[in-house]
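query.cif follows (mmCIF, C-alpha atoms, pLDDT in the B column; chains and numbers go by the auth columns):
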```cif
data_target
loop_
_atom_site.group_PDB
_atom_site.id
_atom_site.type_symbol
_atom_site.label_atom_id
_atom_site.label_comp_id
_atom_site.label_asym_id
_atom_site.label_seq_id
_atom_site.Cartn_x
_atom_site.Cartn_y
_atom_site.Cartn_z
_atom_site.B_iso_or_equiv
_atom_site.auth_seq_id
_atom_site.auth_asym_id
ATOM 1 C CA MET A 1 0.000 0.000 0.000 74.00 1 A
ATOM 2 C CA LYS A 2 1.098 3.544 -0.728 86.00 2 A
ATOM 3 C CA ALA A 3 0.604 6.721 1.274 90.00 3 A
ATOM 4 C CA TYR A 4 -1.401 9.045 -0.975 96.00 4 A
ATOM 5 C CA LYS A 5 -1.745 12.748 -0.282 96.00 5 A
ATOM 6 C CA SER A 6 -5.308 12.976 -1.640 97.00 6 A
ATOM 7 C CA TYR A 7 -8.197 10.714 -2.655 98.00 7 A
ATOM 8 C CA LEU A 8 -10.932 10.837 -5.270 98.00 8 A
ATOM 9 C CA PHE A 9 -13.983 8.594 -4.976 98.00 9 A
ATOM 10 C CA ASP A 10 -16.724 7.337 -7.223 95.00 10 A
ATOM 11 C CA LEU A 11 -20.119 7.369 -5.494 94.00 11 A
ATOM 12 C CA ASP A 12 -22.689 4.675 -6.293 89.00 12 A
ATOM 13 C CA GLY A 13 -21.221 1.255 -5.520 88.00 13 A
ATOM 14 C CA THR A 14 -18.233 2.846 -3.779 93.00 14 A
ATOM 15 C CA ILE A 15 -19.696 5.144 -1.092 94.00 15 A
ATOM 16 C CA TYR A 16 -23.327 4.032 -1.165 92.00 16 A
ATOM 17 C CA HIS A 17 -25.860 1.770 -2.824 86.00 17 A
ATOM 18 C CA GLY A 18 -28.773 3.984 -3.808 82.00 18 A
ATOM 19 C CA ASN A 19 -29.748 5.642 -0.546 85.00 19 A
ATOM 20 C CA LYS A 20 -27.900 3.163 1.691 89.00 20 A
ATOM 21 C CA ALA A 21 -24.385 3.970 2.861 92.00 21 A
ATOM 22 C CA ILE A 22 -21.541 1.457 2.541 93.00 22 A
ATOM 23 C CA SER A 23 -20.376 1.505 6.153 94.00 23 A
ATOM 24 C CA SER A 24 -16.718 0.682 5.422 95.00 24 A
ATOM 25 C CA ALA A 25 -16.543 3.632 3.017 96.00 25 A
ATOM 26 C CA ILE A 26 -18.095 6.078 5.490 96.00 26 A
ATOM 27 C CA GLN A 27 -15.656 4.921 8.171 96.00 27 A
ATOM 28 C CA PHE A 28 -12.744 5.397 5.777 96.00 28 A
ATOM 29 C CA LEU A 29 -13.852 8.918 4.837 97.00 29 A
ATOM 30 C CA ASN A 30 -14.071 9.782 8.528 96.00 30 A
ATOM 31 C CA GLN A 31 -10.485 8.548 8.944 96.00 31 A
ATOM 32 C CA LEU A 32 -9.348 10.803 6.109 97.00 32 A
ATOM 33 C CA GLU A 33 -11.091 13.735 7.760 96.00 33 A
ATOM 34 C CA LEU A 34 -9.421 13.031 11.105 95.00 34 A
ATOM 35 C CA LYS A 35 -5.996 12.827 9.436 95.00 35 A
ATOM 36 C CA ASN A 36 -6.607 16.001 7.363 96.00 36 A
ATOM 37 C CA ILE A 37 -6.127 14.099 4.111 97.00 37 A
ATOM 38 C CA PRO A 38 -8.124 15.905 1.390 98.00 38 A
ATOM 39 C CA TYR A 39 -10.677 14.043 -0.705 98.00 39 A
ATOM 40 C CA GLY A 40 -13.274 14.639 -3.376 98.00 40 A
ATOM 41 C CA PHE A 41 -16.005 12.862 -5.306 98.00 41 A
ATOM 42 C CA VAL A 42 -16.490 12.223 -9.016 98.00 42 A
ATOM 43 C CA THR A 43 -19.808 11.129 -10.496 96.00 43 A
ATOM 44 C CA ASN A 44 -21.194 10.576 -13.973 95.00 44 A
ATOM 45 C CA ASN A 45 -24.587 11.729 -12.673 94.00 45 A
ATOM 46 C CA SER A 46 -25.434 14.863 -14.657 96.00 46 A
ATOM 47 C CA THR A 47 -28.918 15.368 -13.204 95.00 47 A
ATOM 48 C CA GLN A 48 -27.933 16.705 -9.785 96.00 48 A
ATOM 49 C CA THR A 49 -26.024 19.797 -8.721 97.00 49 A
ATOM 50 C CA PRO A 50 -22.947 19.530 -6.475 98.00 50 A
ATOM 51 C CA ASP A 51 -25.070 20.993 -3.659 98.00 51 A
ATOM 52 C CA GLN A 52 -27.605 18.186 -4.022 97.00 52 A
ATOM 53 C CA VAL A 53 -24.909 15.510 -4.061 97.00 53 A
ATOM 54 C CA ALA A 54 -23.182 17.048 -1.041 98.00 54 A
ATOM 55 C CA LYS A 55 -26.482 17.107 0.856 97.00 55 A
ATOM 56 C CA LYS A 56 -27.004 13.402 0.220 96.00 56 A
ATOM 57 C CA LEU A 57 -23.472 12.591 1.387 97.00 57 A
ATOM 58 C CA THR A 58 -23.921 14.727 4.482 97.00 58 A
ATOM 59 C CA ASN A 59 -27.091 12.817 5.331 96.00 59 A
ATOM 60 C CA LEU A 60 -25.088 9.583 5.071 95.00 60 A
ATOM 61 C CA GLY A 61 -22.524 10.850 7.590 94.00 61 A
ATOM 62 C CA VAL A 62 -19.840 12.310 5.301 95.00 62 A
ATOM 63 C CA LYS A 63 -18.277 15.702 5.992 94.00 63 A
ATOM 64 C CA VAL A 64 -18.315 17.351 2.580 96.00 64 A
ATOM 65 C CA GLU A 65 -18.809 20.670 0.816 97.00 65 A
ATOM 66 C CA ALA A 66 -20.257 21.158 -2.671 97.00 66 A
ATOM 67 C CA ARG A 67 -16.859 22.255 -4.032 97.00 67 A
ATOM 68 C CA GLN A 68 -15.573 18.707 -3.359 98.00 68 A
ATOM 69 C CA VAL A 69 -18.090 17.216 -5.801 98.00 69 A
ATOM 70 C CA VAL A 70 -17.397 17.052 -9.536 98.00 70 A
ATOM 71 C CA THR A 71 -20.356 15.871 -11.592 98.00 71 A
ATOM 72 C CA SER A 72 -20.230 15.116 -15.302 98.00 72 A
ATOM 73 C CA SER A 73 -22.174 18.368 -15.811 98.00 73 A
ATOM 74 C CA ILE A 74 -19.508 20.383 -13.997 98.00 74 A
ATOM 75 C CA ALA A 75 -16.767 18.621 -15.969 98.00 75 A
ATOM 76 C CA THR A 76 -18.592 19.241 -19.260 98.00 76 A
ATOM 77 C CA ALA A 77 -18.939 22.946 -18.507 98.00 77 A
ATOM 78 C CA ALA A 78 -15.235 23.082 -17.590 97.00 78 A
ATOM 79 C CA TYR A 79 -14.363 21.382 -20.892 97.00 79 A
ATOM 80 C CA VAL A 80 -16.416 23.926 -22.848 98.00 80 A
ATOM 81 C CA ARG A 81 -14.803 26.875 -21.015 96.00 81 A
ATOM 82 C CA LYS A 82 -11.384 25.445 -21.828 96.00 82 A
ATOM 83 C CA HIS A 83 -11.966 24.775 -25.522 96.00 83 A
ATOM 84 C CA TYR A 84 -14.602 27.283 -26.690 96.00 84 A
ATOM 85 C CA ARG A 85 -15.268 31.004 -26.419 92.00 85 A
ATOM 86 C CA ASP A 86 -18.452 32.929 -26.989 94.00 86 A
ATOM 87 C CA VAL A 87 -20.616 29.948 -27.951 97.00 87 A
ATOM 88 C CA SER A 88 -24.333 29.277 -27.932 98.00 88 A
ATOM 89 C CA VAL A 89 -25.689 25.938 -26.720 98.00 89 A
ATOM 90 C CA PHE A 90 -28.667 23.649 -27.001 98.00 90 A
ATOM 91 C CA VAL A 91 -28.885 21.607 -23.797 98.00 91 A
ATOM 92 C CA ILE A 92 -30.793 18.418 -23.090 98.00 92 A
ATOM 93 C CA GLY A 93 -30.652 17.551 -19.418 98.00 93 A
ATOM 94 C CA GLU A 94 -31.985 18.100 -15.933 98.00 94 A
ATOM 95 C CA VAL A 95 -31.219 20.669 -13.253 98.00 95 A
ATOM 96 C CA GLY A 96 -27.558 19.686 -12.788 98.00 96 A
ATOM 97 C CA LEU A 97 -26.724 20.303 -16.434 98.00 97 A
ATOM 98 C CA GLN A 98 -29.067 23.259 -16.889 98.00 98 A
ATOM 99 C CA GLU A 99 -27.446 25.023 -13.931 97.00 99 A
ATOM 100 C CA ALA A 100 -23.920 24.264 -15.169 98.00 100 A
ATOM 101 C CA PHE A 101 -24.749 25.938 -18.525 98.00 101 A
ATOM 102 C CA SER A 102 -27.015 28.698 -17.222 97.00 102 A
ATOM 103 C CA GLN A 103 -24.523 31.422 -18.187 95.00 103 A
ATOM 104 C CA TYR A 104 -24.449 30.397 -21.846 97.00 104 A
ATOM 105 C CA ARG A 105 -26.700 31.722 -24.598 97.00 105 A
ATOM 106 C CA GLN A 106 -29.373 29.131 -25.355 97.00 106 A
ATOM 107 C CA ASP A 107 -30.175 28.466 -29.010 97.00 107 A
ATOM 108 C CA SER A 108 -32.380 25.726 -30.478 97.00 108 A
ATOM 109 C CA ILE A 109 -31.932 26.800 -34.116 96.00 109 A
ATOM 110 C CA ARG A 110 -28.208 27.089 -34.888 97.00 110 A
ATOM 111 C CA PRO A 111 -26.230 26.582 -31.686 98.00 111 A
ATOM 112 C CA ASN A 112 -22.471 26.097 -31.695 98.00 112 A
ATOM 113 C CA LEU A 113 -22.762 23.162 -29.299 98.00 113 A
ATOM 114 C CA VAL A 114 -25.328 20.485 -28.488 98.00 114 A
ATOM 115 C CA VAL A 115 -24.808 19.205 -24.936 98.00 115 A
ATOM 116 C CA VAL A 116 -26.687 16.079 -23.905 98.00 116 A
ATOM 117 C CA GLY A 117 -27.116 14.742 -20.380 97.00 117 A
ATOM 118 C CA LEU A 118 -29.686 12.408 -18.868 97.00 118 A
ATOM 119 C CA ASP A 119 -33.208 13.761 -19.240 97.00 119 A
ATOM 120 C CA ARG A 120 -35.861 11.525 -17.712 93.00 120 A
ATOM 121 C CA LYS A 121 -38.512 13.549 -19.520 95.00 121 A
ATOM 122 C CA ILE A 122 -36.856 13.243 -22.922 97.00 122 A
ATOM 123 C CA THR A 123 -39.148 13.725 -25.908 97.00 123 A
ATOM 124 C CA HIS A 124 -38.989 12.972 -29.603 98.00 124 A
ATOM 125 C CA ASP A 125 -39.019 16.716 -30.249 98.00 125 A
ATOM 126 C CA LYS A 126 -35.968 17.371 -28.036 98.00 126 A
ATOM 127 C CA MET A 127 -34.014 14.580 -29.703 98.00 127 A
ATOM 128 C CA SER A 128 -35.030 15.802 -33.159 98.00 128 A
ATOM 129 C CA VAL A 129 -33.893 19.363 -32.403 98.00 129 A
ATOM 130 C CA ALA A 130 -30.547 18.056 -31.114 98.00 130 A
ATOM 131 C CA ALA A 131 -29.952 15.835 -34.155 98.00 131 A
ATOM 132 C CA ARG A 132 -30.980 18.604 -36.562 98.00 132 A
ATOM 133 C CA CYS A 133 -28.581 21.075 -34.931 98.00 133 A
ATOM 134 C CA ILE A 134 -25.726 18.557 -35.137 98.00 134 A
ATOM 135 C CA VAL A 135 -26.445 17.876 -38.813 98.00 135 A
ATOM 136 C CA ASN A 136 -26.319 21.657 -39.323 97.00 136 A
ATOM 137 C CA GLY A 137 -22.824 21.832 -37.874 97.00 137 A
ATOM 138 C CA ALA A 138 -23.091 21.996 -34.072 98.00 138 A
ATOM 139 C CA THR A 139 -20.447 20.153 -32.048 98.00 139 A
ATOM 140 C CA PHE A 140 -21.983 17.217 -30.162 98.00 140 A
ATOM 141 C CA ILE A 141 -20.958 16.717 -26.508 98.00 141 A
ATOM 142 C CA ALA A 142 -22.312 14.066 -24.120 98.00 142 A
ATOM 143 C CA THR A 143 -21.867 14.372 -20.371 98.00 143 A
ATOM 144 C CA ASN A 144 -21.388 10.628 -19.953 96.00 144 A
ATOM 145 C CA PRO A 145 -21.850 7.304 -21.790 94.00 145 A
ATOM 146 C CA ASP A 146 -23.723 5.260 -19.144 90.00 146 A
ATOM 147 C CA ARG A 147 -25.947 2.697 -20.884 87.00 147 A
ATOM 148 C CA MET A 148 -28.078 1.986 -17.829 83.00 148 A
ATOM 149 C CA ILE A 149 -28.230 3.257 -14.262 79.00 149 A
ATOM 150 C CA THR A 150 -29.705 1.825 -11.071 70.00 150 A
ATOM 151 C CA GLN A 151 -32.781 3.368 -9.485 64.00 151 A
ATOM 152 C CA GLU A 152 -35.096 2.197 -6.732 60.00 152 A
ATOM 153 C CA ASN A 153 -37.276 0.344 -9.264 67.00 153 A
ATOM 154 C CA GLY A 154 -34.281 -1.339 -10.931 70.00 154 A
ATOM 155 C CA LEU A 155 -32.154 -0.624 -14.001 75.00 155 A
ATOM 156 C CA VAL A 156 -33.261 2.196 -16.301 84.00 156 A
ATOM 157 C CA CYS A 157 -31.771 3.730 -19.450 90.00 157 A
ATOM 158 C CA GLY A 158 -28.874 6.110 -18.830 91.00 158 A
ATOM 159 C CA ASN A 159 -27.605 9.058 -20.814 94.00 159 A
ATOM 160 C CA GLY A 160 -25.631 6.793 -23.127 94.00 160 A
ATOM 161 C CA ALA A 161 -28.886 5.465 -24.530 96.00 161 A
ATOM 162 C CA ILE A 162 -30.157 8.981 -25.297 97.00 162 A
ATOM 163 C CA ALA A 163 -26.828 10.164 -26.710 98.00 163 A
ATOM 164 C CA GLN A 164 -26.498 7.117 -28.955 98.00 164 A
ATOM 165 C CA ALA A 165 -30.019 7.583 -30.344 98.00 165 A
ATOM 166 C CA ILE A 166 -29.120 11.164 -31.281 98.00 166 A
ATOM 167 C CA ALA A 167 -25.729 10.036 -32.619 98.00 167 A
ATOM 168 C CA TYR A 168 -27.423 7.463 -34.839 98.00 168 A
ATOM 169 C CA ALA A 169 -29.880 10.025 -36.181 98.00 169 A
ATOM 170 C CA ALA A 170 -27.198 12.651 -36.825 98.00 170 A
ATOM 171 C CA ASN A 171 -24.562 10.121 -37.939 98.00 171 A
ATOM 172 C CA THR A 172 -22.107 11.814 -35.554 98.00 172 A
ATOM 173 C CA GLU A 173 -20.467 10.443 -32.417 98.00 173 A
ATOM 174 C CA PRO A 174 -20.248 12.789 -29.417 98.00 174 A
ATOM 175 C CA VAL A 175 -17.261 14.004 -27.468 98.00 175 A
ATOM 176 C CA VAL A 176 -17.730 12.189 -24.129 97.00 176 A
ATOM 177 C CA ILE A 177 -16.641 13.882 -20.885 98.00 177 A
ATOM 178 C CA GLY A 178 -17.639 11.494 -18.086 97.00 178 A
ATOM 179 C CA LYS A 179 -15.993 8.241 -17.064 96.00 179 A
ATOM 180 C CA PRO A 180 -14.319 6.289 -18.640 96.00 180 A
ATOM 181 C CA SER A 181 -12.945 9.461 -20.243 96.00 181 A
ATOM 182 C CA ALA A 182 -9.985 10.919 -18.372 96.00 182 A
ATOM 183 C CA GLU A 183 -11.450 14.420 -18.833 97.00 183 A
ATOM 184 C CA ILE A 184 -13.653 14.281 -15.725 97.00 184 A
ATOM 185 C CA LEU A 185 -10.719 13.242 -13.527 98.00 185 A
ATOM 186 C CA HIS A 186 -8.552 16.018 -14.954 97.00 186 A
ATOM 187 C CA THR A 187 -11.323 18.465 -14.037 97.00 187 A
ATOM 188 C CA ALA A 188 -11.569 17.074 -10.502 98.00 188 A
ATOM 189 C CA VAL A 189 -7.818 17.237 -9.900 97.00 189 A
ATOM 190 C CA ASN A 190 -7.674 20.833 -11.169 97.00 190 A
ATOM 191 C CA GLN A 191 -10.763 21.973 -9.265 96.00 191 A
ATOM 192 C CA LEU A 192 -9.555 20.509 -5.967 97.00 192 A
ATOM 193 C CA GLY A 193 -5.919 21.495 -6.410 97.00 193 A
ATOM 194 C CA PHE A 194 -4.647 17.910 -6.174 97.00 194 A
ATOM 195 C CA ASN A 195 -1.452 16.504 -7.673 97.00 195 A
ATOM 196 C CA ALA A 196 -2.534 13.625 -9.921 96.00 196 A
ATOM 197 C CA LEU A 197 0.674 11.702 -9.200 96.00 197 A
ATOM 198 C CA GLU A 198 -0.054 11.824 -5.463 97.00 198 A
ATOM 199 C CA THR A 199 -3.783 11.086 -5.765 98.00 199 A
ATOM 200 C CA VAL A 200 -5.588 7.749 -6.000 98.00 200 A
ATOM 201 C CA PHE A 201 -9.008 7.209 -7.562 98.00 201 A
ATOM 202 C CA VAL A 202 -11.305 4.717 -5.824 97.00 202 A
ATOM 203 C CA GLY A 203 -14.154 3.043 -7.708 94.00 203 A
ATOM 204 C CA ASP A 204 -16.181 -0.138 -8.098 91.00 204 A
ATOM 205 C CA ASN A 205 -16.893 -0.284 -11.835 90.00 205 A
ATOM 206 C CA TYR A 206 -13.967 -1.371 -13.999 90.00 206 A
ATOM 207 C CA GLU A 207 -15.477 -0.166 -17.279 90.00 207 A
ATOM 208 C CA THR A 208 -16.044 3.381 -16.008 91.00 208 A
ATOM 209 C CA ASP A 209 -14.089 4.141 -12.831 94.00 209 A
ATOM 210 C CA ILE A 210 -10.954 2.079 -13.222 96.00 210 A
ATOM 211 C CA LEU A 211 -10.571 2.749 -16.946 96.00 211 A
ATOM 212 C CA ALA A 212 -10.956 6.484 -16.310 97.00 212 A
ATOM 213 C CA GLY A 213 -8.168 6.331 -13.737 97.00 213 A
ATOM 214 C CA ILE A 214 -5.923 4.340 -16.066 97.00 214 A
ATOM 215 C CA ARG A 215 -6.553 6.780 -18.931 96.00 215 A
ATOM 216 C CA ALA A 216 -5.815 9.713 -16.613 97.00 216 A
ATOM 217 C CA LYS A 217 -2.550 7.969 -15.634 96.00 217 A
ATOM 218 C CA MET A 218 -3.600 7.895 -11.993 97.00 218 A
ATOM 219 C CA ASP A 219 -3.280 5.090 -9.463 97.00 219 A
ATOM 220 C CA THR A 220 -6.554 3.274 -8.838 97.00 220 A
ATOM 221 C CA ILE A 221 -8.139 1.263 -6.042 96.00 221 A
ATOM 222 C CA HIS A 222 -10.856 -1.135 -7.171 96.00 222 A
ATOM 223 C CA VAL A 223 -13.307 -1.912 -4.367 94.00 223 A
ATOM 224 C CA GLN A 224 -15.377 -5.069 -4.709 92.00 224 A
ATOM 225 C CA THR A 225 -18.511 -3.460 -3.292 88.00 225 A
ATOM 226 C CA GLY A 226 -20.363 -2.679 -6.502 85.00 226 A
ATOM 227 C CA VAL A 227 -20.606 -3.532 -10.182 82.00 227 A
ATOM 228 C CA THR A 228 -17.290 -5.306 -10.868 83.00 228 A
ATOM 229 C CA VAL A 229 -16.494 -8.100 -8.437 81.00 229 A
ATOM 230 C CA SER A 230 -13.211 -9.173 -10.038 90.00 230 A
ATOM 231 C CA CYS A 231 -10.810 -7.431 -12.431 82.00 231 A
ATOM 232 C CA GLN A 232 -8.677 -10.506 -13.148 86.00 232 A
ATOM 233 C CA SER A 233 -9.964 -10.992 -16.704 91.00 233 A
ATOM 234 C CA PHE A 234 -9.032 -7.488 -17.880 89.00 234 A
ATOM 235 C CA ASP A 235 -5.790 -6.728 -19.724 89.00 235 A
ATOM 236 C CA GLU A 236 -5.150 -3.474 -17.851 93.00 236 A
ATOM 237 C CA GLN A 237 -5.280 -3.928 -14.113 94.00 237 A
ATOM 238 C CA PRO A 238 -6.107 -1.461 -11.324 95.00 238 A
ATOM 239 C CA THR A 239 -3.209 -0.567 -9.073 95.00 239 A
ATOM 240 C CA TYR A 240 -4.994 -2.329 -6.212 95.00 240 A
ATOM 241 C CA SER A 241 -8.156 -4.418 -5.821 95.00 241 A
ATOM 242 C CA ILE A 242 -9.601 -4.918 -2.344 92.00 242 A
ATOM 243 C CA PRO A 243 -12.865 -6.322 -0.909 94.00 243 A
ATOM 244 C CA SER A 244 -13.782 -2.960 0.666 93.00 244 A
ATOM 245 C CA LEU A 245 -12.196 0.164 2.088 94.00 245 A
ATOM 246 C CA ILE A 246 -11.967 -1.493 5.490 93.00 246 A
ATOM 247 C CA ASN A 247 -9.067 -3.407 3.916 93.00 247 A
ATOM 248 C CA TRP A 248 -7.109 -0.224 3.095 93.00 248 A
ATOM 249 C CA SER A 249 -4.744 1.211 5.693 89.00 249 A
ATOM 250 C CA LEU A 250 -3.696 4.832 5.838 87.00 250 A
ATOM 251 C CA LEU A 251 0.077 4.837 6.224 73.00 251 A
#
```

Kindly transcribe the structure held in the file into structure tokens.
Amino acid sequence: MKAYKSYLFDLDGTIYHGNKAISSAIQFLNQLELKNIPYGFVTNNSTQTPDQVAKKLTNLGVKVEARQVVTSSIATAAYVRKHYRDVSVFVIGEVGLQEAFSQYRQDSIRPNLVVVGLDRKITHDKMSVAARCIVNGATFIATNPDRMITQENGLVCGNGAIAQAIAYAANTEPVVIGKPSAEILHTAVNQLGFNALETVFVGDNYETDILAGIRAKMDTIHVQTGVTVSCQSFDEQPTYSIPSLINWSLL
């Protein structure tokens, strides 16, 4: 085990399952707090604001501020600020994404960018407008590629399903910001002032969390508390794989 100066965590499957905390993770976060080791959270969820995510974590017993939370909406807005100036946008998404792009000029006719996040009230008209704008030259950006996500009533379609439907219609693949893209981790490291070489990313899902860490050239801890139970069959391995965070010691 290595002594890291800062930690980044995935949420669902790593810190909690739905609305139920993973006790070993909460205990570990409390240890980090006691030792003054900084930490932050990275989520592909584009529907919620950092304030909403922080409130949920607080209710589960985590000491956290909104600035410690990087959603795929926040990372997408950071990507746009970095690469584009003076652009108009057409946004599909819920409050987390709408708030992140509230300062941009909205345009449903000829926007410079089409930004797509999960919208649980998606309509044929919204998808048609997005595809039409992309065909007319708008750059297509998706907050994240999640095929399905877990809700209280079971698995439901994620943003990847919406983005791929629009991509098929427009015959254009999107720029993807969320995990497994490294972009969201770069945003988190920059926002929190961490050194990527001294930071470890903790997650449960190999295909999103661990791959994002590998692509960002960061050390990774795979916890066997969520989607991926074993990483042995994959060519690229996490730096560590442990049953849960109770098995990780702070040196």

Picked residues, the PyMOL selection byres ((chain A and resi 194) around 12), as a ChimeraX atom specification: /A:4-8,37-40,68,185-193,195-201,218

For Pro145 in chain A: contacts at 8 Å, only C-alpha atoms, fewer than 5 positions along chain excluded, given as a list in words: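 Listing them by chain and then by number gives Gly158, Asn159, Gly160, Ala161, Ala163, Val176, Gly178 and Lys179 of chain A.
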
Residue nearest Ile122 in chain A - candidates A:Ala100, A:Ile149, A:Ile134, A:Cys157, atoms counted: all atoms listed in the file: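 Closest to Ile122 in chain A of all the choices is A:Cys157.
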
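You can rank A:Thr14, A:Ser128, A:Ser46, A:Gln52 by their closest distance to Val116 in chain A using only C-alpha atoms, and at the top of that list sits A:Ser46.
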
Find the spatial neighbours of Ile166 in chain A, counting only C-alpha atoms, within a cut-off of 12 Å - ignore same-chain residues fewer than 5 positions away - and output them as a short mmCIF file (atom, residue, chain, number, x, y, z; two decimals) with C-alpha atoms, in the frame of the given file.
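Resulting contents of around_39.cif:
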```
data_model
loop_
_atom_site.label_atom_id
_atom_site.label_comp_id
_atom_site.auth_asym_id
_atom_site.auth_seq_id
_atom_site.Cartn_x
_atom_site.Cartn_y
_atom_site.Cartn_z
CA ILE A 92 -30.79 18.42 -23.09
CA VAL A 114 -25.33 20.48 -28.49
CA VAL A 115 -24.81 19.20 -24.94
CA VAL A 116 -26.69 16.08 -23.90
CA GLY A 117 -27.12 14.74 -20.38
CA ILE A 122 -36.86 13.24 -22.92
CA THR A 123 -39.15 13.72 -25.91
CA HIS A 124 -38.99 12.97 -29.60
CA ASP A 125 -39.02 16.72 -30.25
CA LYS A 126 -35.97 17.37 -28.04
CA MET A 127 -34.01 14.58 -29.70
CA SER A 128 -35.03 15.80 -33.16
CA VAL A 129 -33.89 19.36 -32.40
CA ALA A 130 -30.55 18.06 -31.11
CA ALA A 131 -29.95 15.84 -34.16
CA ARG A 132 -30.98 18.60 -36.56
CA CYS A 133 -28.58 21.08 -34.93
CA ILE A 134 -25.73 18.56 -35.14
CA VAL A 135 -26.44 17.88 -38.81
CA PHE A 140 -21.98 17.22 -30.16
CA ILE A 141 -20.96 16.72 -26.51
CA ALA A 142 -22.31 14.07 -24.12
CA ASN A 159 -27.60 9.06 -20.81
CA GLY A 160 -25.63 6.79 -23.13
CA ALA A 161 -28.89 5.46 -24.53
CA ASN A 171 -24.56 10.12 -37.94
CA THR A 172 -22.11 11.81 -35.55
CA GLU A 173 -20.47 10.44 -32.42
CA PRO A 174 -20.25 12.79 -29.42
#
```

Residues matched by the PyMOL selection byres ((chain A and resi 18-35) around 8), written as number ranges by chain: A: 12, 14-17, 36-39, 60-63, 150-152, 244-246

Distance of CA of Thr43 in chain A from CA of Gln224 in chain A, expressed in Å to one decimal place: 17.8 Å

Atomic distance CA of Pro238 in chain A - CA of Pro180 in chain A, expressed in Å with one decimal: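 Atom-to-atom, CA of Pro238 in chain A to CA of Pro180 in chain A, that is 13.5 Å.
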
Selection dump of the PyMOL selection byres ((chain A and resi 47-51) around 8), as a list in words: Asn45, Ser46, Gln52, Val53, Ala54, Lys55, Glu65, Ala66, Arg67, Val69, Val70, Thr71, Ser73, Gly93, Glu94, Val95, Gly96, Leu97, Glu99, Gly117, Leu118 and Asp119 of chain A

Residue nearest Asp10 in chain A - candidates A:Asn112, A:Thr220, A:Thr76, A:Gln103, atoms counted: only C-alpha atoms: A:Thr220

CA of Arg85 in chain A to CA of Gly213 in chain A, distance in Å rounded to a single decimal: 28.6 Å

Protein, DNA and RNA residues within 12 Å of (-18.3, 36.2, -24.7), all atoms listed in the file, as an MDAnalysis selection string: chainID A and resid 81 84:88 103:105

Top pick for closest residue to Gly13 in chain A, considering A:Tyr206, A:Phe101, A:Tyr168, A:Phe90 and counting only C-alpha atoms: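 Nearest candidate to Gly13 in chain A out of A:Tyr206, A:Phe101, A:Tyr168, A:Phe90: A:Tyr206.
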
Residue nearest Tyr79 in chain A - candidates A:Ala216, A:Tyr240, A:Ala182, A:Ser230, atoms counted: all atoms listed in the file: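 Looking at the shortest contact to Tyr79 in chain A, the residue is A:Ala182.
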
Where's the centre, and what are the edge lengths in Å to one decimal, of a box along x, y and z enclosing all listed atoms of range 63-71 of chain A padded 8 Å per side, as lines of an AutoDock Vina configuration file?
```
center_x = -18.0
center_y = 19.0
center_z = -2.8
size_x = 20.8
size_y = 22.6
size_z = 33.6
```

Within-7 Å shell of (-6.0, 0.3, -9.9) in input frame, only C-alpha atoms, as a count of residues only: 10

Option closest in space to Val175 in chain A, from A:Val64, A:Ile109, A:Val42, A:Ala138 [counting only C-alpha atoms]: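 Looking at the shortest contact to Val175 in chain A, the residue is A:Ala138.
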